[in-house]
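Peer 1: Just run-v7.txt, nothing more (compact mmCIF, C-alpha atoms and all ligand atoms):
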```txt
# COMPACT_ATOMS: atom_id res chain seq x y z
CA MET A 18 80.22 97.84 85.10
CA LEU A 19 80.49 94.23 86.24
CA HIS A 20 83.60 93.31 88.19
CA SER A 21 85.67 90.28 87.38
CA VAL A 22 85.03 87.14 89.42
CA ASN A 23 88.65 87.43 90.52
CA PHE A 24 88.12 90.91 91.91
CA ASP A 25 85.03 89.84 93.85
CA GLN A 26 86.85 86.82 95.29
CA GLU A 27 89.90 88.86 96.20
CA LEU A 28 87.75 91.50 97.89
CA LYS A 29 85.96 88.81 99.88
CA ARG A 30 89.26 87.28 100.97
CA LYS A 31 90.75 90.64 101.95
CA LYS A 32 87.61 91.52 103.89
CA GLN A 33 87.87 88.27 105.87
CA GLU A 34 91.53 88.93 106.57
CA VAL A 35 91.00 92.45 107.93
CA GLU A 36 87.96 91.30 109.87
CA GLU A 37 90.05 88.70 111.67
CA ILE A 38 92.58 91.41 112.55
CA ILE A 39 89.85 93.81 113.75
CA PHE A 40 88.21 91.16 115.95
CA SER A 41 91.54 90.38 117.62
CA PHE A 42 91.58 93.93 119.07
CA LEU A 43 88.03 94.08 120.44
CA PRO A 44 87.70 94.77 124.19
CA SER A 45 87.05 92.01 126.70
CA GLU A 46 83.44 91.58 127.79
CA ASP A 47 84.46 90.01 131.12
CA ASP A 48 85.60 93.16 132.93
CA PHE A 49 83.56 95.37 135.25
CA ALA A 50 82.65 97.55 132.24
CA GLY A 51 81.60 94.41 130.36
CA GLU A 52 78.23 95.81 129.38
CA LEU A 53 79.95 98.70 127.63
CA ALA A 54 82.21 96.24 125.80
CA VAL A 55 79.16 94.17 124.76
CA ALA A 56 77.57 97.27 123.18
CA MET A 57 80.86 98.24 121.47
CA ASN A 58 81.38 94.73 120.13
CA TYR A 59 77.76 94.41 118.99
CA SER A 60 78.24 97.11 116.39
CA MET A 61 81.83 96.15 115.55
CA ARG A 62 80.70 92.59 114.79
CA ALA A 63 77.59 93.68 112.88
CA GLY A 64 79.34 93.45 109.53
CA GLY A 65 79.74 96.23 107.04
CA LYS A 66 82.06 96.42 104.07
CA ARG A 67 85.25 97.04 106.12
CA LEU A 68 86.17 99.41 103.34
CA ARG A 69 88.42 101.73 105.35
CA PRO A 70 90.82 99.11 106.77
CA ILE A 71 90.95 97.44 103.35
CA LEU A 72 91.86 100.78 101.73
CA MET A 73 94.51 101.39 104.39
CA ARG A 74 96.14 98.00 103.91
CA GLU A 75 96.08 98.30 100.10
CA ALA A 76 97.62 101.80 100.23
CA CYS A 77 100.39 100.38 102.41
CA ARG A 78 100.91 97.62 99.80
CA LEU A 79 101.82 100.28 97.22
CA PHE A 80 105.07 100.81 99.13
CA GLU A 81 105.80 97.51 100.88
CA THR A 82 104.14 94.20 101.65
CA PRO A 83 101.94 94.96 104.66
CA ASP A 84 103.14 93.44 107.93
CA ASP A 85 99.76 92.74 109.52
CA GLU A 86 101.28 92.25 112.95
CA LYS A 87 102.68 95.80 112.90
CA ILE A 88 99.92 97.71 111.06
CA GLY A 89 96.99 95.68 112.46
CA PRO A 90 96.35 98.17 115.31
CA PHE A 91 95.76 100.95 112.77
CA LEU A 92 93.47 98.76 110.64
CA ALA A 93 91.36 98.00 113.71
CA ALA A 94 91.46 101.65 114.83
CA ILE A 95 90.03 103.09 111.62
CA GLU A 96 87.12 100.63 111.69
CA MET A 97 86.46 101.51 115.35
CA ILE A 98 86.38 105.22 114.49
CA HIS A 99 84.05 104.58 111.55
CA THR A 100 81.76 102.40 113.69
CA HIS A 101 81.67 105.07 116.41
CA SER A 102 80.50 107.56 113.77
CA LEU A 103 77.70 105.25 112.66
CA ILE A 104 76.51 104.58 116.23
CA HIS A 105 76.36 108.31 116.95
CA ASP A 106 74.86 109.17 113.56
CA ASP A 107 71.96 106.79 114.30
CA LEU A 108 71.20 108.25 117.76
CA PRO A 109 67.80 109.89 118.39
CA ALA A 110 69.50 113.31 118.64
CA ILE A 111 70.93 112.96 115.12
CA ASP A 112 69.29 110.73 112.46
CA ASN A 113 67.20 108.62 114.86
CA ASP A 114 67.54 105.44 112.78
CA MET A 115 66.60 101.99 114.05
CA TYR A 116 68.47 99.81 111.54
CA ARG A 117 72.09 99.68 110.41
CA ARG A 118 74.12 96.92 108.77
CA GLY A 119 70.96 94.84 108.62
CA ARG A 120 70.43 94.86 112.40
CA LEU A 121 68.83 97.03 115.05
CA THR A 122 71.07 100.01 115.83
CA THR A 123 73.12 100.05 119.03
CA HIS A 124 70.87 102.53 120.86
CA ALA A 125 67.81 100.52 119.80
CA VAL A 126 69.23 97.43 121.52
CA TYR A 127 71.11 98.85 124.51
CA GLY A 128 69.39 102.20 125.08
CA GLU A 129 70.43 105.75 124.31
CA ALA A 130 72.92 106.14 127.17
CA LEU A 131 74.93 103.09 126.11
CA GLY A 132 74.64 104.25 122.48
CA VAL A 133 76.38 107.50 123.45
CA LEU A 134 78.91 105.78 125.70
CA SER A 135 79.80 102.92 123.36
CA GLY A 136 80.41 105.43 120.54
CA ASP A 137 82.64 107.53 122.81
CA ALA A 138 84.42 104.43 124.07
CA LEU A 139 85.09 103.15 120.55
CA LEU A 140 86.60 106.48 119.51
CA ASN A 141 88.92 106.54 122.51
CA TYR A 142 89.75 102.84 122.28
CA ALA A 143 90.65 103.33 118.63
CA TYR A 144 93.57 105.59 119.55
CA GLU A 145 94.58 103.32 122.43
CA THR A 146 94.67 100.50 119.89
CA ALA A 147 96.53 102.43 117.19
CA VAL A 148 99.47 103.25 119.48
CA GLN A 149 99.96 99.53 120.09
CA ALA A 150 101.59 99.50 116.65
CA TYR A 151 104.69 100.92 118.35
CA GLN A 152 104.83 98.07 120.87
CA LYS A 153 104.48 95.68 117.95
CA GLY A 154 107.62 97.04 116.35
CA LEU A 155 106.41 99.65 113.83
CA GLU A 156 108.93 102.49 113.53
CA ALA A 157 108.16 105.47 115.79
CA ASP A 158 108.07 108.00 112.92
CA ARG A 159 105.48 105.92 111.06
CA VAL A 160 103.34 105.50 114.20
CA LEU A 161 103.49 109.21 114.96
CA GLY A 162 102.88 110.25 111.34
CA ALA A 163 99.87 107.97 110.92
CA LEU A 164 98.48 108.93 114.32
CA THR A 165 98.79 112.65 113.55
CA LEU A 166 96.91 112.26 110.26
CA LEU A 167 94.26 110.01 111.85
CA LEU A 168 93.65 112.49 114.68
CA ARG A 169 93.41 115.45 112.30
CA LYS A 170 91.03 113.78 109.86
CA THR A 171 88.68 112.47 112.53
CA GLY A 172 88.50 115.60 114.69
CA MET A 173 87.02 119.05 114.30
CA TYR A 174 89.07 119.75 111.14
CA GLY A 175 87.75 116.51 109.64
CA MET A 176 84.87 114.13 110.28
CA LEU A 177 83.47 115.78 113.41
CA GLY A 178 83.67 119.28 111.89
CA GLY A 179 81.78 118.12 108.79
CA GLN A 180 79.16 116.30 110.81
CA SER A 181 78.62 119.31 113.06
CA VAL A 182 77.91 121.61 110.06
CA ASP A 183 75.54 118.98 108.66
CA VAL A 184 73.66 118.70 111.94
CA THR A 185 73.44 122.44 112.70
CA ASN A 186 72.22 123.29 109.17
CA GLU A 187 69.57 120.62 109.44
CA LYS A 188 68.39 121.69 112.90
CA ASN A 189 68.21 125.35 111.85
CA ASN A 190 66.49 124.55 108.54
CA ARG A 191 69.17 126.43 106.61
CA ARG A 192 69.10 126.12 102.83
CA VAL A 193 72.41 124.43 102.04
CA ASN A 194 74.25 125.50 98.87
CA LYS A 195 76.82 123.48 96.91
CA GLU A 196 79.78 125.11 98.63
CA THR A 197 78.50 124.14 102.08
CA LEU A 198 77.50 120.68 100.89
CA ASP A 199 80.99 120.12 99.50
CA TYR A 200 82.52 121.18 102.83
CA ILE A 201 80.22 118.71 104.62
CA TYR A 202 81.01 115.80 102.27
CA GLU A 203 84.72 116.54 102.22
CA ASN A 204 84.80 116.37 106.00
CA LYS A 205 82.09 114.09 107.32
CA THR A 206 82.79 111.34 104.79
CA SER A 207 85.93 111.97 102.72
CA ALA A 208 88.15 112.74 105.70
CA LEU A 209 88.00 109.11 106.87
CA LEU A 210 88.80 107.80 103.39
CA GLU A 211 91.67 110.28 103.14
CA ALA A 212 92.92 109.04 106.51
CA SER A 213 92.60 105.42 105.35
CA LEU A 214 94.70 105.93 102.22
CA GLY A 215 97.08 108.51 103.72
CA CYS A 216 97.77 106.48 106.87
CA GLY A 217 98.22 103.33 104.78
CA ALA A 218 100.91 105.13 102.77
CA ILE A 219 102.63 106.38 105.94
CA LEU A 220 102.52 102.89 107.48
CA GLY A 221 104.21 101.57 104.34
CA GLY A 222 106.99 104.18 104.60
CA ALA A 223 105.89 106.33 101.64
CA PRO A 224 107.54 109.69 100.97
CA GLY A 225 105.54 112.84 101.79
CA GLU A 226 104.47 113.62 98.22
CA MET A 227 102.99 110.14 97.85
CA VAL A 228 101.10 110.51 101.12
CA ASP A 229 99.67 113.79 99.79
CA ALA A 230 98.69 112.16 96.50
CA LEU A 231 96.89 109.36 98.31
CA ILE A 232 95.03 111.88 100.45
CA ARG A 233 93.88 113.62 97.25
CA ILE A 234 92.74 110.28 95.82
CA GLY A 235 90.86 109.69 99.10
CA SER A 236 89.20 113.08 98.81
CA ALA A 237 87.74 112.49 95.34
CA THR A 238 86.84 108.88 96.21
CA GLY A 239 85.19 109.96 99.46
CA ILE A 240 83.00 112.66 97.92
CA ALA A 241 81.91 110.21 95.20
CA PHE A 242 81.21 107.66 97.95
CA GLN A 243 78.93 110.07 99.83
CA ILE A 244 77.08 111.11 96.67
CA GLN A 245 76.52 107.41 95.88
CA ASP A 246 75.17 107.09 99.43
CA ASP A 247 72.68 109.89 98.62
CA ILE A 248 71.65 108.08 95.44
CA LEU A 249 71.20 104.73 97.18
CA ASP A 250 69.07 106.42 99.85
CA VAL A 251 66.42 107.11 97.18
CA THR A 252 66.95 104.18 94.78
CA SER A 253 67.73 101.16 96.94
CA THR A 254 65.81 99.06 99.44
CA MET A 255 66.15 98.45 103.17
CA GLU A 256 67.02 94.79 102.43
CA GLU A 257 69.88 95.69 100.13
CA LEU A 258 71.24 98.60 102.19
CA GLY A 259 70.74 97.10 105.66
CA LYS A 260 69.48 100.54 106.80
CA PRO A 261 66.31 102.52 106.13
CA VAL A 262 65.92 104.24 102.77
CA PHE A 263 64.57 107.80 102.38
CA SER A 264 66.39 108.69 105.60
CA ASP A 265 67.57 112.01 104.07
CA GLU A 266 64.02 112.95 103.10
CA LYS A 267 62.80 112.06 106.61
CA ASN A 268 65.44 114.40 108.03
CA GLU A 269 64.74 117.06 105.36
CA LYS A 270 68.37 116.91 104.33
CA VAL A 271 69.71 118.68 101.26
CA THR A 272 71.90 116.22 99.31
CA TYR A 273 73.44 116.03 95.84
CA VAL A 274 70.24 114.28 94.75
CA THR A 275 68.17 117.23 96.00
CA LEU A 276 70.41 119.69 94.12
CA TYR A 277 71.04 117.76 90.88
CA GLY A 278 68.61 114.83 90.72
CA VAL A 279 69.63 111.15 90.60
CA GLU A 280 71.15 111.42 87.12
CA GLY A 281 73.10 114.59 87.83
CA ALA A 282 74.39 113.12 91.07
CA GLY A 283 75.37 109.94 89.19
CA ARG A 284 77.38 112.00 86.69
CA GLU A 285 79.25 113.62 89.56
CA VAL A 286 80.06 110.18 91.02
CA SER A 287 81.54 109.13 87.66
CA ARG A 288 83.50 112.38 87.25
CA LEU A 289 85.03 112.21 90.74
CA THR A 290 85.83 108.51 90.37
CA GLU A 291 87.65 109.20 87.09
CA GLN A 292 89.53 112.01 88.82
CA ALA A 293 90.64 109.64 91.59
CA LEU A 294 91.65 106.98 89.06
CA CYS A 295 93.65 109.48 86.96
CA LEU A 296 95.62 110.48 90.05
CA TYR A 297 96.10 106.82 90.88
CA GLU A 298 97.46 106.16 87.40
CA GLU A 299 99.75 109.22 87.70
CA ILE A 300 101.46 107.80 90.79
CA GLY A 301 101.92 104.43 89.10
CA GLY A 302 99.26 102.80 91.25
CA ASN A 303 97.81 100.50 88.61
CA GLU A 304 101.18 98.92 88.08
CA LYS A 305 101.98 98.45 91.77
CA ASN A 306 98.54 97.51 93.06
CA PRO A 307 95.82 97.08 90.39
CA PHE A 308 93.41 95.75 93.02
CA LEU A 309 93.22 99.15 94.73
CA GLY A 310 92.37 100.89 91.43
CA GLU A 311 89.66 98.34 90.78
CA LEU A 312 88.31 98.80 94.29
CA ILE A 313 88.04 102.58 93.82
CA ARG A 314 86.24 102.00 90.51
CA SER A 315 83.87 99.47 92.07
CA LEU A 316 82.66 101.98 94.65
CA ALA A 317 81.00 104.08 91.95
CA ALA A 318 78.74 101.15 91.13
CA ARG A 319 78.20 99.89 94.67
CA LYS A 320 74.73 98.74 95.63
CA ASN A 321 75.18 98.93 99.40
C1 LIG B 401 79.49 115.35 115.51
C2 LIG B 401 77.14 115.40 116.29
C3 LIG B 401 78.33 114.58 115.91
C4 LIG B 401 78.26 113.19 115.93
C5 LIG B 401 79.29 112.22 115.52
C6 LIG B 401 81.07 111.74 113.36
C7 LIG B 401 79.68 111.35 113.24
C8 LIG B 401 78.80 111.34 114.44
C9 LIG B 401 79.15 110.97 112.08
C10 LIG B 401 79.93 110.92 110.83
C11 LIG B 401 79.09 111.17 109.67
C12 LIG B 401 78.65 109.97 108.92
C13 LIG B 401 78.00 108.84 109.62
C14 LIG B 401 78.83 110.01 107.63
C15 LIG B 401 78.34 108.96 106.72
C16 LIG B 401 79.44 108.36 105.95
C17 LIG B 401 78.95 107.09 105.32
C18 LIG B 401 78.46 107.14 103.92
C19 LIG B 401 78.92 105.97 106.04
C20 LIG B 401 78.56 104.62 105.55
O1 LIG B 401 79.78 103.94 105.34
P1 LIG B 401 79.82 102.47 104.74
O2 LIG B 401 78.87 102.38 103.59
O3 LIG B 401 79.24 101.62 105.96
O4 LIG B 401 81.23 102.11 104.48
P2 LIG B 401 79.54 100.08 106.34
O5 LIG B 401 78.36 99.70 107.21
O6 LIG B 401 79.63 99.27 105.09
O7 LIG B 401 80.81 100.07 107.12
```
Let's see the structure in the file written out as structure tokens.

Peer 2:
Amino acid sequence: MLHSVNFDQELKRKKQEVEEIIFSFLPSEDDFAGELAVAMNYSMRAGGKRLRPILMREACRLFETPDDEKIGPFLAAIEMIHTHSLIHDDLPAIDNDMYRRGRLTTHAVYGEALGVLSGDALLNYAYETAVQAYQKGLEADRVLGALTLLLRKTGMYGMLGGQSVDVTNEKNNRRVNKETLDYIYENKTSALLEASLGCGAILGGAPGEMVDALIRIGSATGIAFQIQDDILDVTSTMEELGKPVFSDEKNEKVTYVTLYGVEGAGREVSRLTEQALCLYEEIGGNEKNPFLGELIRSLAARKN
């Protein structure tokens, strides 16, 4: 489905706005550890869709007009965590990829040691940044609530847990079934989208049941997002994706495309997207923030 010109323009504007916020929190390159900061900033400035901070800000908007000064630290933090995951995912010990976001990967430019360290540093710096929201005047219960969810969803019961199962299955040549694949997708990819929407709701002062609903919307959206990633890996081009195609095949990875083919995987993307949009409608989302509904829909047709 084609998106309206308005949607595309609004997305572009919102991306620029969050990017400006993210850049304002990047570490200084002038300190003793400047070379580490240069490697961190290289990948943070490399572009990307900035989807997670946009989702977080739009989820906040469902409950109150976002105060960028107060929630900015969390917007920057989620993009730092995401970027850390990409840097580490590309390392020789994991996917061993040389291109990401249309540029050489961090380890390809700065070496493997700085690839490891800049990923670690971004993860830690993300939490250092997020807590700044308290100094900027965000209520303590919102800071603590969002931080708790962010920590949970990015740790061993979230992104890192999912990635570890993915990596160990691959290294041991285990035949992955749907149940395991769903665990991996739910955690390595969905967990960050759940954190984006759930934290956004908490930052906006949402009641608990709304936070839970947004986490469920993030779950369906995130699994669809990962399946679309599998599809693009075999149907897109390096130019369009900004990263190598057929990476899963190179790594002998079982994906939704391996299990169900491109068409079957596509049907699952549509089904999960509809599920997310139904939940969004149920909580009155389309009335309060139609842009977020349209954004979720657009991800099912994304080309990069
Ligand atoms: C646990 C061994 C170990 C390493 C850590 C946590 C981690 C590495 C990797 C996370 C797994 C991962 C990279 C999942 C892929 C999720 C995904 C589809 C990322 C691409 O996101 P986009 O398309 O990227 O939003 P841009 O570049 O647009 O920001």

Peer 1: Within 12 Å of Phe308 (chain A), counting only C-alpha atoms, which residues show up once you throw out same-chain ones fewer than 5 positions away? Write them as a ChimeraX atom specification, please.

Peer 2: /A:20-21,23-28,31,71-72,74-76,78-79,297,302-303,313-315

Peer 1: Would you please work out which residue, of A:Ile38, A:Ala163, A:Met176, A:Ile248, is nearest to ligand LIG 401 (chain B) when using all atoms listed in the file?

Peer 2: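 Of the candidates, the smallest distance to ligand LIG 401 (chain B) is held by A:Met176.
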
Peer 1: What lies within 12 Å of Glu37 (chain A) using all atoms listed in the file, ignoring chain neighbours under 2 positions off, as a PyMOL selection string?

Peer 2: chain A and resi 30-35+39-43+61-62+64+67+70+85-86+89-90+92-93

Peer 1: Okay, now the selection with C-alpha atoms, as a PDB file, in the coordinates of the input?

Peer 2:
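So again38.pdb came out as:
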```
ATOM      1  CA  ARG A  30      89.260  87.280 100.970  1.00  0.00           C
ATOM      2  CA  LYS A  31      90.750  90.640 101.950  1.00  0.00           C
ATOM      3  CA  LYS A  32      87.610  91.520 103.890  1.00  0.00           C
ATOM      4  CA  GLN A  33      87.870  88.270 105.870  1.00  0.00           C
ATOM      5  CA  GLU A  34      91.530  88.930 106.570  1.00  0.00           C
ATOM      6  CA  VAL A  35      91.000  92.450 107.930  1.00  0.00           C
ATOM      7  CA  ILE A  39      89.850  93.810 113.750  1.00  0.00           C
ATOM      8  CA  PHE A  40      88.210  91.160 115.950  1.00  0.00           C
ATOM      9  CA  SER A  41      91.540  90.380 117.620  1.00  0.00           C
ATOM     10  CA  PHE A  42      91.580  93.930 119.070  1.00  0.00           C
ATOM     11  CA  LEU A  43      88.030  94.080 120.440  1.00  0.00           C
ATOM     12  CA  MET A  61      81.830  96.150 115.550  1.00  0.00           C
ATOM     13  CA  ARG A  62      80.700  92.590 114.790  1.00  0.00           C
ATOM     14  CA  GLY A  64      79.340  93.450 109.530  1.00  0.00           C
ATOM     15  CA  ARG A  67      85.250  97.040 106.120  1.00  0.00           C
ATOM     16  CA  PRO A  70      90.820  99.110 106.770  1.00  0.00           C
ATOM     17  CA  ASP A  85      99.760  92.740 109.520  1.00  0.00           C
ATOM     18  CA  GLU A  86     101.280  92.250 112.950  1.00  0.00           C
ATOM     19  CA  GLY A  89      96.990  95.680 112.460  1.00  0.00           C
ATOM     20  CA  PRO A  90      96.350  98.170 115.310  1.00  0.00           C
ATOM     21  CA  LEU A  92      93.470  98.760 110.640  1.00  0.00           C
ATOM     22  CA  ALA A  93      91.360  98.000 113.710  1.00  0.00           C
TER      23      ALA A  93
END
```

Peer 1: Quick one: everything within 8 Å of region 102-111 of chain A, counting only C-alpha atoms, minus sequence neighbours fewer than 2 positions away in the same chain. Send it as a list in words.

Peer 2: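 The residues satisfying every condition are Ser60, Ile98, His99, Thr100, Asn113, Asp114, Met115, Thr122, Thr123, His124, Glu129, Gly132, Val133, Gly136 and Val184 of chain A.
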
Peer 1: Grab all the atoms of ligand LIG 401 (chain B) that the file lists, wrap them in a box along x, y and z, add 6 Å per side, and give me centre plus edge lengths in Å (one decimal) as AutoDock Vina command-line options.

Peer 2:
```
--center_x 79.2 --center_y 107.3 --center_z 109.9 --size_x 16.1 --size_y 28.1 --size_z 24.7
```

Peer 1: Could you check which of A:Phe91, A:Tyr144, A:Phe263, A:Tyr116 is closest to ligand LIG 401 (chain B), using only C-alpha atoms and all ligand atoms?

Peer 2: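 Of A:Phe91, A:Tyr144, A:Phe263, A:Tyr116, the one nearest ligand LIG 401 (chain B), counting only C-alpha atoms and all ligand atoms, is A:Tyr116.
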
Peer 1: Using CA of Tyr142 (chain A) and CA of Val126 (chain A) as the two end points, give the distance in Å to one decimal.

Peer 2: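 Computing it gives 21.2 Å between the two atoms.
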
Peer 1: So, with only C-alpha atoms and all ligand atoms as the atoms that count, which of A:Ser207, A:Ser45, A:Asn306, A:Asn58 lies closest to ligand LIG 401 (chain B)?

Peer 2: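 The closest residue to ligand LIG 401 (chain B) is A:Ser207.
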
Peer 1: Using only C-alpha atoms, find all polymer residues with an atom at most 10 Å away from the point (74.7, 99.2, 95.0); report them as an mmCIF file with C-alpha atoms, in the frame of the given file.

Peer 2:
```
data_model
loop_
_atom_site.group_PDB
_atom_site.id
_atom_site.type_symbol
_atom_site.label_atom_id
_atom_site.label_comp_id
_atom_site.auth_asym_id
_atom_site.auth_seq_id
_atom_site.Cartn_x
_atom_site.Cartn_y
_atom_site.Cartn_z
ATOM 1 C CA GLN A 245 76.520 107.410 95.880
ATOM 2 C CA ASP A 246 75.170 107.090 99.430
ATOM 3 C CA ILE A 248 71.650 108.080 95.440
ATOM 4 C CA LEU A 249 71.200 104.730 97.180
ATOM 5 C CA THR A 252 66.950 104.180 94.780
ATOM 6 C CA SER A 253 67.730 101.160 96.940
ATOM 7 C CA THR A 254 65.810 99.060 99.440
ATOM 8 C CA GLU A 257 69.880 95.690 100.130
ATOM 9 C CA LEU A 258 71.240 98.600 102.190
ATOM 10 C CA SER A 315 83.870 99.470 92.070
ATOM 11 C CA LEU A 316 82.660 101.980 94.650
ATOM 12 C CA ALA A 317 81.000 104.080 91.950
ATOM 13 C CA ALA A 318 78.740 101.150 91.130
ATOM 14 C CA ARG A 319 78.200 99.890 94.670
ATOM 15 C CA LYS A 320 74.730 98.740 95.630
ATOM 16 C CA ASN A 321 75.180 98.930 99.400
#
```

Peer 1: Which residues, written as a PyMOL selection string, have at least one atom at most 7 Å from Lys87 (chain A), with only C-alpha atoms counted and residues fewer than 6 positions away on the same chain left out?

Peer 2: chain A and resi 150+153-155

Peer 1: Between A:Ser236, A:Gln180, A:Thr197, A:Thr165, which one has atoms that come closest to ligand LIG 401 (chain B), using all atoms listed in the file?

Peer 2: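 Among the listed residues, the smallest separation from ligand LIG 401 (chain B) belongs to A:Gln180.
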
Peer 1: Pick out the residues sitting within 9 Å of Leu210 (chain A), and hand them over as a list in words; count only C-alpha atoms, and ignore anything fewer than 6 positions along from it in its own chain.

Peer 2: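 The neighbour list is Leu68, Arg69, Leu72, Met73, Ile232, Ile234, Gly235, Ser236, Thr238 and Gly239 of chain A.
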
Peer 1: Under the rule that only C-alpha atoms are counted, which of A:Glu256, A:Asp247, A:Asp183, A:Glu226 is the nearest residue to Arg118 (chain A)?

Peer 2: A:Glu256

Peer 1: Looking at all atoms listed in the file, which of A:Val271, A:Ile95, A:Ala157, A:Ala218 is the one that sits closest to ligand LIG 401 (chain B)?

Peer 2: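 Going through A:Val271, A:Ile95, A:Ala157, A:Ala218 one by one, the smallest distance to ligand LIG 401 (chain B) is for A:Ile95.
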
Peer 1: Could you check how far CA of Leu294 (chain A) sits from CA of Met173 (chain A), in Å to one decimal?

Peer 2: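 CA of Met173 (chain A) lies 28.4 Å from CA of Leu294 (chain A).
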